[in-house]
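Peer 1: The following file, target38.pdb, comprises PDB, C-alpha atoms:
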```pdb
ATOM      1  CA  MET H  19      93.169  94.452 111.596
ATOM      2  CA  PHE H  20      96.472  93.720 113.285
ATOM      3  CA  ILE H  21      97.857  90.229 112.681
ATOM      4  CA  GLU H  22      99.789  89.406 115.849
ATOM      5  CA  LEU H  23     102.775  87.115 115.920
ATOM      6  CA  GLU H  24     101.672  85.660 119.289
ATOM      7  CA  ASP H  25      98.298  84.603 117.839
ATOM      8  CA  LEU H  26     100.011  82.995 114.853
ATOM      9  CA  LYS H  27     102.195  80.916 117.191
ATOM     10  CA  ILE H  28      98.989  79.298 118.504
ATOM     11  CA  HIS H  29      97.000  78.902 115.265
ATOM     12  CA  PRO H  30      96.571  80.391 111.766
ATOM     13  CA  VAL H  31      94.446  83.540 111.645
ATOM     14  CA  ASP H  32      91.577  83.601 109.157
ATOM     15  CA  PHE H  33      90.251  86.985 108.091
ATOM     16  CA  ARG H  34      87.201  88.245 106.270
ATOM     17  CA  GLU H  35      87.040  92.026 106.264
ATOM     18  CA  GLU H  36      85.253  94.833 104.476
ATOM     19  CA  PHE H  37      86.688  98.355 104.360
ATOM     20  CA  SER H  38      84.492 101.294 103.383
ATOM     21  CA  PRO H  39      85.842 103.885 100.934
ATOM     22  CA  GLY H  40      88.289 106.222 102.648
ATOM     23  CA  VAL H  41      89.309 103.859 105.459
ATOM     24  CA  ILE H  42      92.513 102.820 103.677
ATOM     25  CA  ASP H  43      94.581 105.741 102.390
ATOM     26  CA  LEU H  44      95.307 105.067  98.707
ATOM     27  CA  GLY H  45      96.774 108.517  98.010
ATOM     28  CA  GLU H  46      95.239 111.549  96.401
ATOM     29  CA  ASP H  47      95.238 110.173  92.835
ATOM     30  CA  VAL H  48      93.106 107.086  93.575
ATOM     31  CA  ARG H  49      89.545 107.072  94.896
ATOM     32  CA  GLN H  50      87.892 103.930  96.229
ATOM     33  CA  ARG H  51      84.325 103.724  94.877
ATOM     34  CA  SER H  52      83.061 100.513  96.485
ATOM     35  CA  PRO H  53      83.853  98.639  99.690
ATOM     36  CA  LEU H  54      87.114  96.722  99.638
ATOM     37  CA  ARG H  55      86.290  93.111 100.470
ATOM     38  CA  THR H  56      89.007  90.683 101.440
ATOM     39  CA  GLN H  57      89.318  87.221 102.850
ATOM     40  CA  GLY H  58      92.207  84.904 103.507
ATOM     41  CA  ARG H  59      94.530  83.403 106.049
ATOM     42  CA  ALA H  60      97.749  84.347 107.823
ATOM     43  CA  ASP H  61     100.178  81.622 108.938
ATOM     44  CA  LEU H  62     103.447  81.543 110.807
ATOM     45  CA  VAL H  63     106.284  80.033 108.774
ATOM     46  CA  GLU H  64     109.428  79.128 110.665
ATOM     47  CA  GLU H  65     112.515  79.245 108.521
ATOM     48  CA  HIS H  66     115.894  77.897 109.641
ATOM     49  CA  HIS H  67     118.895  80.121 108.945
ATOM     50  CA  GLY H  68     121.955  78.145 109.876
ATOM     51  CA  LYS H  69     122.038  75.699 112.780
ATOM     52  CA  ARG H  70     120.642  77.895 115.540
ATOM     53  CA  GLU H  71     118.722  80.783 114.032
ATOM     54  CA  ILE H  72     114.986  80.396 113.405
ATOM     55  CA  VAL H  73     113.227  83.228 111.573
ATOM     56  CA  GLN H  74     109.488  83.636 112.041
ATOM     57  CA  ASP H  75     107.976  84.726 108.733
ATOM     58  CA  ILE H  76     104.325  85.645 108.314
ATOM     59  CA  ARG H  77     102.592  84.289 105.213
ATOM     60  CA  VAL H  78      99.432  86.126 104.159
ATOM     61  CA  LYS H  79      97.339  84.465 101.471
ATOM     62  CA  GLY H  80      93.975  85.695 100.254
ATOM     63  CA  LYS H  81      92.037  87.713  97.730
ATOM     64  CA  LEU H  82      90.514  91.163  97.489
ATOM     65  CA  GLU H  83      88.042  93.022  95.327
ATOM     66  CA  THR H  84      86.967  96.631  95.013
ATOM     67  CA  SER H  85      86.340  99.358  92.451
ATOM     68  CA  LEU H  86      88.638 102.362  92.045
ATOM     69  CA  GLU H  87      88.467 105.665  90.215
ATOM     70  CA  VAL H  88      91.583 107.199  88.667
ATOM     71  CA  ALA H  89      92.078 110.052  86.218
ATOM     72  CA  CYS H  90      92.701 109.351  82.545
ATOM     73  CA  ALA H  91      96.359 110.063  81.757
ATOM     74  CA  ARG H  92      95.372 112.008  78.613
ATOM     75  CA  CYS H  93      92.160 113.940  79.335
ATOM     76  CA  LEU H  94      91.891 113.703  83.159
ATOM     77  CA  ASP H  95      88.321 112.359  83.030
ATOM     78  CA  PRO H  96      87.556 109.840  85.789
ATOM     79  CA  VAL H  97      87.989 106.167  84.842
ATOM     80  CA  VAL H  98      86.477 103.370  86.936
ATOM     81  CA  HIS H  99      88.798 100.414  87.332
ATOM     82  CA  PRO H 100      87.491  97.169  88.912
ATOM     83  CA  VAL H 101      90.115  95.320  90.952
ATOM     84  CA  GLU H 102      90.095  91.606  91.736
ATOM     85  CA  ARG H 103      93.366  90.194  92.946
ATOM     86  CA  SER H 104      94.706  87.123  94.712
ATOM     87  CA  PHE H 105      97.855  87.393  96.763
ATOM     88  CA  ASP H 106     100.304  85.078  98.492
ATOM     89  CA  LEU H 107     102.864  87.130 100.416
ATOM     90  CA  LEU H 108     105.708  86.407 102.786
ATOM     91  CA  TYR H 109     106.832  88.911 105.441
ATOM     92  CA  ARG H 110     110.103  88.540 107.333
ATOM     93  CA  PRO H 111     111.093  90.398 110.530
ATOM     94  CA  LEU H 112     112.805  93.704 109.736
ATOM     95  CA  GLY H 113     116.559  93.452 110.225
ATOM     96  CA  THR H 114     116.759  89.673 109.758
ATOM     97  CA  ASN H 115     119.370  89.948 107.043
ATOM     98  CA  SER H 116     121.241  92.916 108.514
ATOM     99  CA  GLY H 117     124.857  92.528 109.516
ATOM    100  CA  HIS H 118     125.594  90.237 106.584
ATOM    101  CA  GLU H 119     127.719  91.178 103.638
ATOM    102  CA  GLU H 120     125.917  92.473 100.592
ATOM    103  CA  LEU H 121     124.521  89.473  98.756
ATOM    104  CA  SER H 122     122.800  89.072  95.430
ATOM    105  CA  VAL H 123     119.025  88.745  95.710
ATOM    106  CA  THR H 124     117.202  85.861  94.075
ATOM    107  CA  ASP H 125     113.803  86.314  92.422
ATOM    108  CA  ALA H 126     112.130  84.535  95.350
ATOM    109  CA  GLU H 127     113.798  86.856  97.877
ATOM    110  CA  ALA H 128     112.673  89.906  95.927
ATOM    111  CA  GLU H 129     109.084  88.921  96.714
ATOM    112  CA  ILE H 130     109.615  89.096 100.492
ATOM    113  CA  GLY H 131     108.264  92.024 102.488
ATOM    114  CA  TYR H 132     109.251  92.988 106.014
ATOM    115  CA  TYR H 133     107.329  93.583 109.221
ATOM    116  CA  GLU H 134     108.406  95.431 112.323
ATOM    117  CA  GLY H 135     107.475  94.648 115.907
ATOM    118  CA  GLN H 136     104.979  91.987 116.919
ATOM    119  CA  GLY H 137     103.034  91.611 113.675
ATOM    120  CA  LEU H 138     101.676  93.445 110.693
ATOM    121  CA  LEU H 139      98.682  95.527 109.778
ATOM    122  CA  LEU H 140      96.405  93.918 107.181
ATOM    123  CA  GLU H 141      95.459  97.354 105.833
ATOM    124  CA  ASP H 142      99.091  98.016 104.813
ATOM    125  CA  THR H 143      99.172  94.757 102.864
ATOM    126  CA  LEU H 144      95.864  95.560 101.151
ATOM    127  CA  ARG H 145      96.952  99.109 100.247
ATOM    128  CA  GLU H 146     100.046  97.715  98.561
ATOM    129  CA  GLN H 147      98.087  95.063  96.642
ATOM    130  CA  VAL H 148      95.400  97.498  95.468
ATOM    131  CA  LEU H 149      97.975  99.980  94.161
ATOM    132  CA  LEU H 150      99.934  97.211  92.437
ATOM    133  CA  ALA H 151      96.748  96.104  90.667
ATOM    134  CA  LEU H 152      96.362  99.472  88.928
ATOM    135  CA  PRO H 153      97.944  99.936  85.495
ATOM    136  CA  LEU H 154     100.833 102.398  85.307
ATOM    137  CA  LYS H 155      98.921 104.527  82.815
ATOM    138  CA  THR H 156      95.121 104.556  82.695
ATOM    139  CA  ILE H 157      93.299 105.927  79.661
ATOM    140  CA  CYS H 158      89.533 106.310  79.287
ATOM    141  CA  ARG H 159      89.479 104.864  75.775
ATOM    142  CA  GLU H 160      91.995 103.869  73.140
ATOM    143  CA  ASP H 161      91.284 106.876  70.872
ATOM    144  CA  CYS H 162      91.344 109.507  73.660
ATOM    145  CA  LYS H 163      92.567 112.800  72.199
ATOM    146  CA  GLY H 164      93.564 114.310  75.546
ATOM    147  CA  LEU H 165      93.740 117.994  76.409
ATOM    148  CA  CYS H 166      94.833 120.888  74.231
ATOM    149  CA  PRO H 167      98.356 121.816  75.354
ATOM    150  CA  HIS H 168      97.562 125.522  74.920
ATOM    151  CA  CYS H 169      94.085 126.099  76.373
ATOM    152  CA  GLY H 170      93.493 122.845  78.278
ATOM    153  CA  LYS H 171      90.184 122.045  76.556
ATOM    154  CA  ASN H 172      89.162 118.384  76.417
ATOM    155  CA  LEU H 173      89.568 117.487  72.726
ATOM    156  CA  ASN H 174      87.211 114.502  73.090
ATOM    157  CA  GLU H 175      84.293 116.897  73.671
ATOM    158  CA  SER H 176      85.040 119.468  70.965
ATOM    159  CA  GLN H 177      87.836 120.962  68.913
ATOM    160  CA  CYS H 178      89.425 124.067  70.397
ATOM    161  CA  SER H 179      90.088 127.310  68.526
ATOM    162  CA  CYS H 180      93.807 127.448  69.284
ATOM    163  CA  VAL H 181      96.220 128.098  66.442
ATOM    164  CA  ASP H 182      98.201 125.205  65.051
ATOM    165  CA  GLU H 183     101.214 124.070  66.955
ATOM    166  CA  ILE H 184     104.326 126.179  66.686
ATOM    167  CA  GLU H 185     106.802 124.455  64.438
ATOM    168  CA  ASP H 186     109.984 123.145  65.973
ATOM    169  CA  PRO H 187     112.922 124.994  64.346
ATOM    170  CA  ARG H 188     114.998 121.815  64.393
ATOM    171  CA  TRP H 189     112.804 120.436  61.580
ATOM    172  CA  ALA H 190     113.203 123.514  59.344
ATOM    173  CA  GLY H 191     115.916 121.915  57.190
ATOM    174  CA  LEU H 192     113.757 118.879  56.405
ATOM    175  CA  LYS H 193     110.737 121.100  55.711
ATOM    176  CA  GLU H 194     112.747 123.015  53.086
ATOM    177  CA  ILE H 195     113.706 119.749  51.375
ATOM    178  CA  ARG H 196     110.050 118.578  51.408
ATOM    179  CA  ASP H 197     108.891 121.890  49.922
ATOM    180  CA  LYS H 198     111.477 121.656  47.123
ATOM    181  CA  LEU H 199     110.400 118.099  46.318
ATOM    182  CA  ASN H 200     106.725 119.107  46.160
ATOM    183  CA  GLN H 201     107.388 121.901  43.597
TER
END
```
Spit out the file's structure as structure tokens when you get a sec.
Peer 2:
Amino acid sequence: MFIELEDLKIHPVDFREEFSPGVIDLGEDVRQRSPLRTQGRADLVEEHHGKREIVQDIRVKGKLETSLEVACARCLDPVVHPVERSFDLLYRPLGTNSGHEELSVTDAEAEIGYYEGQGLLLEDTLREQVLLALPLKTICREDCKGLCPHCGKNLNESQCSCVDEIEDPRWAGLKEIRDKLNQ
């Protein structure tokens, strides 16, 4: 759904959309398992910059929900992650602040996105929000043992028959001290 600037000049745009899995590209590491449902409203916000310049920002406010599947960071088993998220975003025309000297950015300004042309695509906003809702590191369970670094076997399912880890030679001096103390 394309949110057009010309439509927003007339009235706010309400949206209620449902996107089937695969419609929005979330990358190869994330799989959408259920439809992505969203609803909300887009408004035009006119902001005065100086005496003569008026910037037309687009404010998108709404919520989304879906279910995603990502790989466990330790054992690579699939983990289902439900996502429910509310958002209130502000988009400014690309290039609005160009030509100015480099300025420090306030926390509020760091939350501003940019759009190019005559509006923005709702799908781009949703993709960003869905990916931000995922944790940086997903694990299937707190006591996940992961994969064997030698053979790649999932250690949650069974113990592998690999030999013990090769000792790091940098610890040899401490091992000698421990052995002497244990005698």
Peer 1: What does the distance from CA of Cys93 in chain H to CA of Leu165 in chain H come to in Å, to one decimal?
Peer 2: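 Separation between CA of Cys93 in chain H and CA of Leu165 in chain H: 5.2 Å.
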Peer 1: For a test of reading the model, state the distance in Å between CA of Val41 in chain H and CA of Gly131 in chain H, rounded to one decimal.
Peer 2: 22.5 Å
Peer 1: Please expand the PyMOL selection byres ((chain H and resi 55-68) around 10) into the concrete residues it hits in this file, giving the result as a PyMOL selection string.
Peer 2: chain H and resi 21-38+52-54+69-84+102-110+114+140+144
Peer 1: Write to file, as a short mmCIF file (atom, residue, chain, number, x, y, z; two decimals), in the coordinates of the input, the residues of the selection just made, with C-alpha atoms.
Peer 2:
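Listing of part_16.cif after writing:
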```cif
data_model
loop_
_atom_site.label_atom_id
_atom_site.label_comp_id
_atom_site.auth_asym_id
_atom_site.auth_seq_id
_atom_site.Cartn_x
_atom_site.Cartn_y
_atom_site.Cartn_z
CA ILE H 21 97.86 90.23 112.68
CA GLU H 22 99.79 89.41 115.85
CA LEU H 23 102.78 87.12 115.92
CA GLU H 24 101.67 85.66 119.29
CA ASP H 25 98.30 84.60 117.84
CA LEU H 26 100.01 83.00 114.85
CA LYS H 27 102.20 80.92 117.19
CA ILE H 28 98.99 79.30 118.50
CA HIS H 29 97.00 78.90 115.26
CA PRO H 30 96.57 80.39 111.77
CA VAL H 31 94.45 83.54 111.64
CA ASP H 32 91.58 83.60 109.16
CA PHE H 33 90.25 86.98 108.09
CA ARG H 34 87.20 88.24 106.27
CA GLU H 35 87.04 92.03 106.26
CA GLU H 36 85.25 94.83 104.48
CA PHE H 37 86.69 98.36 104.36
CA SER H 38 84.49 101.29 103.38
CA SER H 52 83.06 100.51 96.48
CA PRO H 53 83.85 98.64 99.69
CA LEU H 54 87.11 96.72 99.64
CA LYS H 69 122.04 75.70 112.78
CA ARG H 70 120.64 77.90 115.54
CA GLU H 71 118.72 80.78 114.03
CA ILE H 72 114.99 80.40 113.40
CA VAL H 73 113.23 83.23 111.57
CA GLN H 74 109.49 83.64 112.04
CA ASP H 75 107.98 84.73 108.73
CA ILE H 76 104.32 85.64 108.31
CA ARG H 77 102.59 84.29 105.21
CA VAL H 78 99.43 86.13 104.16
CA LYS H 79 97.34 84.46 101.47
CA GLY H 80 93.98 85.70 100.25
CA LYS H 81 92.04 87.71 97.73
CA LEU H 82 90.51 91.16 97.49
CA GLU H 83 88.04 93.02 95.33
CA THR H 84 86.97 96.63 95.01
CA GLU H 102 90.10 91.61 91.74
CA ARG H 103 93.37 90.19 92.95
CA SER H 104 94.71 87.12 94.71
CA PHE H 105 97.86 87.39 96.76
CA ASP H 106 100.30 85.08 98.49
CA LEU H 107 102.86 87.13 100.42
CA LEU H 108 105.71 86.41 102.79
CA TYR H 109 106.83 88.91 105.44
CA ARG H 110 110.10 88.54 107.33
CA THR H 114 116.76 89.67 109.76
CA LEU H 140 96.40 93.92 107.18
CA LEU H 144 95.86 95.56 101.15
#
```
Peer 1: Choose the residue, out of H:Gly164, H:Gly40, H:Gly137, H:Pro153, that has the smallest atom-to-atom separation from His99 in chain H; count all atoms listed in the file.
Peer 2: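 Ranked by minimum distance to His99 in chain H, first place goes to H:Pro153.
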Peer 1: Expressed in Å to a single decimal, how great is the separation between CA of Tyr132 in chain H and CA of Pro100 in chain H?
Peer 2: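 So the answer is 28.0 Å.
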Peer 1: Go through H:Cys162, H:Met19, H:Val148, H:Cys180 and flag the residue nearest Asp95 in chain H, using all atoms listed in the file for the distances.
Peer 2: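 The shortest atom-to-atom distance to Asp95 in chain H comes from H:Cys162.
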Peer 1: Written as a PyMOL selection string, which residues does the PyMOL selection byres ((chain H and resi 42-50) around 7) give for the file shown?
Peer 2: chain H and resi 39-41+51-52+85-88+141+145
Peer 1: Give the centre and edge lengths of an axis-aligned box, in Å to one decimal, that holds all listed atoms of range 77-84 of chain H with 3 Å on each side, as lines of an AutoDock Vina configuration file.
Peer 2:
```
center_x = 94.8
center_y = 90.5
center_z = 100.1
size_x = 21.6
size_y = 18.3
size_z = 16.2
```
Peer 1: Pull range 24-52 of chain H out of the block and emit C-alpha atoms, as a CSV table (one decimal), in the first residue's frame.
Peer 2:
```
chain,number,residue,atom,x,y,z
H,24,GLU,CA,-1.5,14.2,-2.1
H,25,ASP,CA,-4.1,12.1,-0.3
H,26,LEU,CA,-2.7,13.1,3.1
H,27,LYS,CA,-3.1,16.8,2.1
H,28,ILE,CA,-6.9,16.1,1.8
H,29,HIS,CA,-7.5,13.8,4.8
H,30,PRO,CA,-5.7,11.3,7.1
H,31,VAL,CA,-5.4,7.8,5.5
H,32,ASP,CA,-6.6,4.9,7.6
H,33,PHE,CA,-5.3,1.4,6.8
H,34,ARG,CA,-6.2,-2.1,7.7
H,35,GLU,CA,-4.1,-4.6,5.8
H,36,GLU,CA,-3.2,-8.3,5.9
H,37,PHE,CA,0.0,-9.6,4.2
H,38,SER,CA,0.4,-13.3,3.5
H,39,PRO,CA,3.7,-15.0,4.3
H,40,GLY,CA,6.3,-14.1,1.7
H,41,VAL,CA,4.7,-10.9,0.4
H,42,ILE,CA,7.1,-8.7,2.5
H,43,ASP,CA,10.8,-9.7,2.1
H,44,LEU,CA,12.2,-10.2,5.6
H,45,GLY,CA,15.5,-11.6,4.5
H,46,GLU,CA,16.7,-15.2,4.3
H,47,ASP,CA,17.1,-15.7,8.1
H,48,VAL,CA,13.5,-14.9,9.0
H,49,ARG,CA,10.4,-16.8,7.9
H,50,GLN,CA,6.9,-15.4,8.3
H,51,ARG,CA,4.6,-18.2,9.6
H,52,SER,CA,1.3,-16.4,9.9
```
